[in-house]
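In what follows, a single structure is set out as structure tokens and then discussed.
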Amino acid sequence: MNINMTLIGQTIAFAIFVWFCIKYVWPPISNALHERQKKIADGLDAASRATRDLELAQERSEQTLKESKEQASAIIEQANKRSAQIVEEARATARAEGERLVASARSEIEQEVNRAKDELRAQVSRLAIIGAERILQESVDEKAHRKLLDELAAEL
Amino acid sequence: MAAGNEVSTTYYIQHHLQNLTFGHHPVNGWSLAHSAEEAVEMGFWAIHLDTMGWSIAMGLLFIWLFRKAGKVATSGVPGGLQNAVEMVVEFIENLTRSTFHGRNPHIAPIALTLFVWILFMNTLKIIPVDYGPVLFSKLGVDYMKIVPTTDVNATLGMALGVFGLILYYNFKVKGVGGFARELSLTPFNHWALIPFNLVLEIVSLLVKPFSLAMRLFGNMFAGEVIFILIAMLPFWAIWVLDVPWAIFHILVVTLQAFIFTVLTVVYLSAAHEHH
């Protein structure tokens, strides 16, 4: 076990290796490690952010769905109401129209009747004249004619 | 390699524990030591070529691997090598964050270098003890101890480096006055006890690198000796002890590298703390 120059040589070698390690070996590896650490941390961050975003979006979509459902039911209700109203209106219109038709028919009938009456009257008067002519051509039987004339008069 | 007699056994163990030494021999001049005695005679001005070579090779392997991973490092999906390297880097980063209570971006790379380098050097131990010496003796090299951390010079050398860092950060963070105050006024804050404090603190300061070096060296050296002893069993019986010991050493190898690193970070953390 001799102590000799090897001691110094080993110390020098140690110093050189330490210097080289500090200068050229440690920094790139350490940097890569820390960069990766940061990357992973960022990635995890992004993932949690995305999860939160997803939750928010889900909430929002649920709300939208609910709102749209409410809207749809409101629209349906309104439509129902409106249809009932339309039916009601149509019914009313139909009734009015029917009444109008009936009324016009009735007035037409009345007119017709009046016209018929007028015509009848004219015919009757013509008949009466014809009858009178005939009676005048033949003998005028007071009694017999009286009855006829009475009947005519009653007819008018 | 069964033990024939006592001499060859001793020779075998000593041979496997002898480093390949190059230095200035009083008789032969600058040369490789051809025996343990020659290596001792060279004194301080000698160098263990195997320790230096293997430790630098392991250091370069660390640098090359991690630099390669760093070059292609992306913040995207990592590949196989990048994944493994990142695991180690992250482990060291967490260790530093939980142990080091200051702000210094250089502590983590220092810890990474120490951990991986020592881990690689220790791992050489898993290579069977005969491979190095036998292979290199075929190449004409007398000695080859391939695990640098079983050489006290290597562990003490690294610990000296750590000691230098401790002193540097103490002076840098606290200033000369602050460091001197800490050495002289803790743990007993009274002027009369300054000499006592100084002795205590300086001893505890000096013991830090020494304990680092001795712990690693002791564990590795003891493990190596046991491997060598196991290797002297009859060849068909070696695996019975060798395999469990090697498996156990997977733990020791990692643990010792880890302890060296953690203690270094703790010492450097203390160097950054004001009292």
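Quick note on naming: the chains in the structure tokens go A, B, ... in the order shown, residues restart at 1 in each chain, and ligands are numbered from 1 in order of appearance.
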Exercise: Glu273 of chain B partners within 9 Å, only C-alpha atoms, chain neighbours under 5 positions left out, as a PyMOL selection string: chain B and resi 101-102+170+173-174+268
Once you count only C-alpha atoms, what closest atom pair and distance in Å to one decimal does each residue of chain A within 6 Å of chain B have, with rows by chain and rising residue number, as a tab-separated table?
residue	atom	partner	partner_atom	distance
A:Ile3	CA	B:Asn153	CA	5.9
A:Asn4	CA	B:Phe44	CA	4.0
A:Met5	CA	B:Ile47	CA	5.1
A:Thr6	CA	B:Ile47	CA	4.8
A:Leu7	CA	B:Gly157	CA	4.5
A:Gln10	CA	B:Gly157	CA	5.0
A:Thr11	CA	B:Gly157	CA	4.6
A:Val18	CA	B:Ile110	CA	5.6
A:Cys21	CA	B:Pro109	CA	6.0
A:Ile22	CA	B:Pro109	CA	5.3
A:Val25	CA	B:Arg67	CA	5.1
A:Trp26	CA	B:Pro109	CA	5.8
A:Pro28	CA	B:Gly70	CA	5.1
A:Ile29	CA	B:Gly70	CA	4.9
A:Ala32	CA	B:Ser75	CA	4.7
A:Glu35	CA	B:Ser75	CA	5.5
A:Arg36	CA	B:Ser75	CA	4.4
Excluding Ala128 of chain A and any residue of its chain fewer than 2 positions from it, enumerate the residues within 12 Å of it, using only C-alpha atoms, and give them as a PDB file with C-alpha atoms, in the first residue's frame.
ATOM      1  CA  LEU A 120    -151.654  35.773 -59.997  1.00  0.00           C
ATOM      2  CA  ARG A 121    -153.390  38.983 -59.364  1.00  0.00           C
ATOM      3  CA  ALA A 122    -152.852  39.999 -62.970  1.00  0.00           C
ATOM      4  CA  GLN A 123    -154.128  36.641 -64.188  1.00  0.00           C
ATOM      5  CA  VAL A 124    -157.049  36.760 -61.861  1.00  0.00           C
ATOM      6  CA  SER A 125    -157.935  40.169 -63.058  1.00  0.00           C
ATOM      7  CA  ARG A 126    -157.543  38.950 -66.651  1.00  0.00           C
ATOM      8  CA  ILE A 130    -162.568  37.299 -69.402  1.00  0.00           C
ATOM      9  CA  GLY A 131    -165.272  36.064 -67.074  1.00  0.00           C
ATOM     10  CA  ALA A 132    -166.961  39.420 -67.218  1.00  0.00           C
ATOM     11  CA  GLU A 133    -166.801  39.455 -70.959  1.00  0.00           C
ATOM     12  CA  ARG A 134    -168.345  36.052 -71.076  1.00  0.00           C
ATOM     13  CA  ILE A 135    -170.996  37.045 -68.655  1.00  0.00           C
ATOM     14  CA  LEU A 136    -171.662  40.175 -70.540  1.00  0.00           C
ATOM     15  CA  HIS A 145    -173.045  35.989 -61.087  1.00  0.00           C
ATOM     16  CA  LEU A 148    -169.146  33.992 -58.937  1.00  0.00           C
ATOM     17  CA  LEU A 149    -168.156  37.528 -58.268  1.00  0.00           C
ATOM     18  CA  ASP A 150    -168.129  36.873 -54.558  1.00  0.00           C
ATOM     19  CA  GLU A 151    -165.833  33.962 -55.065  1.00  0.00           C
ATOM     20  CA  LEU A 152    -163.523  36.090 -57.222  1.00  0.00           C
ATOM     21  CA  ALA A 153    -163.484  38.771 -54.686  1.00  0.00           C
ATOM     22  CA  GLU A 155    -159.831  34.980 -54.079  1.00  0.00           C
ATOM     23  CA  LEU A 156    -158.191  38.375 -54.437  1.00  0.00           C
TER      24      LEU A 156
END
Go ahead and compute the interatomic distance for atom CA of Thr149 of chain B and atom CA of Ala213 of chain B, in Å to one decimal. 9.2 Å
Please provide the set of residues having any atom within 10 Å of Val225 of chain B, restricted to only C-alpha atoms, with same-chain residues fewer than 6 positions apart removed, written as a ChimeraX atom specification. /B:13-14,16-17,129,150,231
Those same residues - N, CA, C and O atoms - I'd like them written as a PDB file, in the first residue's frame.
ATOM      1  N   ILE B  13      -1.353 -14.147  -3.621  1.00  0.00           N
ATOM      2  CA  ILE B  13      -2.135 -13.049  -3.048  1.00  0.00           C
ATOM      3  C   ILE B  13      -1.412 -11.724  -3.253  1.00  0.00           C
ATOM      4  O   ILE B  13      -1.994 -10.742  -3.730  1.00  0.00           O
ATOM      5  N   GLN B  14      -0.121 -11.727  -2.944  1.00  0.00           N
ATOM      6  CA  GLN B  14       0.633 -10.477  -3.076  1.00  0.00           C
ATOM      7  C   GLN B  14       0.680 -10.012  -4.525  1.00  0.00           C
ATOM      8  O   GLN B  14       0.549  -8.824  -4.809  1.00  0.00           O
ATOM      9  N   HIS B  16      -1.534 -10.516  -6.823  1.00  0.00           N
ATOM     10  CA  HIS B  16      -2.819  -9.963  -7.250  1.00  0.00           C
ATOM     11  C   HIS B  16      -3.127  -8.627  -6.600  1.00  0.00           C
ATOM     12  O   HIS B  16      -3.982  -7.897  -7.074  1.00  0.00           O
ATOM     13  N   LEU B  17      -2.440  -8.341  -5.503  1.00  0.00           N
ATOM     14  CA  LEU B  17      -2.707  -7.072  -4.827  1.00  0.00           C
ATOM     15  C   LEU B  17      -1.661  -6.015  -5.168  1.00  0.00           C
ATOM     16  O   LEU B  17      -1.646  -4.943  -4.602  1.00  0.00           O
ATOM     17  N   VAL B 129     -11.092 -12.178 -10.613  1.00  0.00           N
ATOM     18  CA  VAL B 129      -9.818 -11.601 -10.169  1.00  0.00           C
ATOM     19  C   VAL B 129      -8.627 -12.054 -11.001  1.00  0.00           C
ATOM     20  O   VAL B 129      -7.626 -11.359 -11.048  1.00  0.00           O
ATOM     21  N   THR B 150      -9.664  -0.255  -5.198  1.00  0.00           N
ATOM     22  CA  THR B 150      -8.958  -1.064  -4.207  1.00  0.00           C
ATOM     23  C   THR B 150      -7.553  -0.519  -4.000  1.00  0.00           C
ATOM     24  O   THR B 150      -6.755  -1.119  -3.296  1.00  0.00           O
ATOM     25  N   ALA B 231     -10.695 -17.513  -5.041  1.00  0.00           N
ATOM     26  CA  ALA B 231     -10.125 -17.989  -6.304  1.00  0.00           C
ATOM     27  C   ALA B 231      -9.077 -19.070  -6.090  1.00  0.00           C
ATOM     28  O   ALA B 231      -8.695 -19.765  -7.025  1.00  0.00           O
TER      29      ALA B 231
END
Mind the document's chain letters and residue numbers, and return as a ChimeraX atom specification the residues of segment 124-185 of chain B that DSSP labels helix (DSSP H, G or I). /B:124-126,131-138,148-150,152-185
Near Tyr12 of chain B, within 10 Å and counting only C-alpha atoms, which residues show up once chain neighbours fewer than 4 positions away are dropped, as a PDB file with N, CA and C atoms, in the first residue's frame?
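Contents of part20.pdb, freshly written:
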ATOM      1  N   MET B   1      -6.673 -21.810  -9.650  1.00  0.00           N
ATOM      2  CA  MET B   1      -5.297 -21.760  -9.158  1.00  0.00           C
ATOM      3  C   MET B   1      -5.212 -22.335  -7.745  1.00  0.00           C
ATOM      4  N   ALA B   3      -3.725 -23.810  -4.364  1.00  0.00           N
ATOM      5  CA  ALA B   3      -2.513 -23.467  -3.625  1.00  0.00           C
ATOM      6  C   ALA B   3      -1.658 -24.700  -3.437  1.00  0.00           C
ATOM      7  N   GLU B   6       2.690 -22.953   0.886  1.00  0.00           N
ATOM      8  CA  GLU B   6       2.470 -21.669   1.546  1.00  0.00           C
ATOM      9  C   GLU B   6       3.101 -20.517   0.770  1.00  0.00           C
ATOM     10  N   VAL B   7       4.275 -20.738   0.230  1.00  0.00           N
ATOM     11  CA  VAL B   7       4.994 -19.685  -0.482  1.00  0.00           C
ATOM     12  C   VAL B   7       4.213 -19.242  -1.712  1.00  0.00           C
ATOM     13  N   SER B   8       3.751 -20.217  -2.492  1.00  0.00           N
ATOM     14  CA  SER B   8       3.048 -19.847  -3.708  1.00  0.00           C
ATOM     15  C   SER B   8       1.717 -19.171  -3.394  1.00  0.00           C
ATOM     16  N   HIS B  16      -1.534 -10.516  -6.823  1.00  0.00           N
ATOM     17  CA  HIS B  16      -2.819  -9.963  -7.250  1.00  0.00           C
ATOM     18  C   HIS B  16      -3.127  -8.627  -6.600  1.00  0.00           C
ATOM     19  N   LEU B  17      -2.440  -8.341  -5.503  1.00  0.00           N
ATOM     20  CA  LEU B  17      -2.707  -7.072  -4.827  1.00  0.00           C
ATOM     21  C   LEU B  17      -1.661  -6.015  -5.168  1.00  0.00           C
ATOM     22  N   ILE B 228      -9.940 -13.021  -3.985  1.00  0.00           N
ATOM     23  CA  ILE B 228      -8.675 -13.715  -4.279  1.00  0.00           C
ATOM     24  C   ILE B 228      -8.593 -15.022  -3.500  1.00  0.00           C
ATOM     25  N   LEU B 229      -9.012 -14.962  -2.224  1.00  0.00           N
ATOM     26  CA  LEU B 229      -8.986 -16.182  -1.410  1.00  0.00           C
ATOM     27  C   LEU B 229      -9.908 -17.241  -1.995  1.00  0.00           C
ATOM     28  N   MET B 232      -8.607 -19.205  -4.857  1.00  0.00           N
ATOM     29  CA  MET B 232      -7.592 -20.233  -4.599  1.00  0.00           C
ATOM     30  C   MET B 232      -8.200 -21.597  -4.276  1.00  0.00           C
TER      31      MET B 232
END
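Between atom CA of Ala84 of chain A and atom CA of Leu65 of chain A there is a distance of 28.4 Å.
Counting from atom CA of His190 of chain B, the distance to atom CA of Leu205 of chain B is 20.2 Å.
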B:Ile127, B:Ala271, B:Ala237, B:Leu263 ranked by distance to Leu183 of chain B, top pick (using only C-alpha atoms): B:Ala271
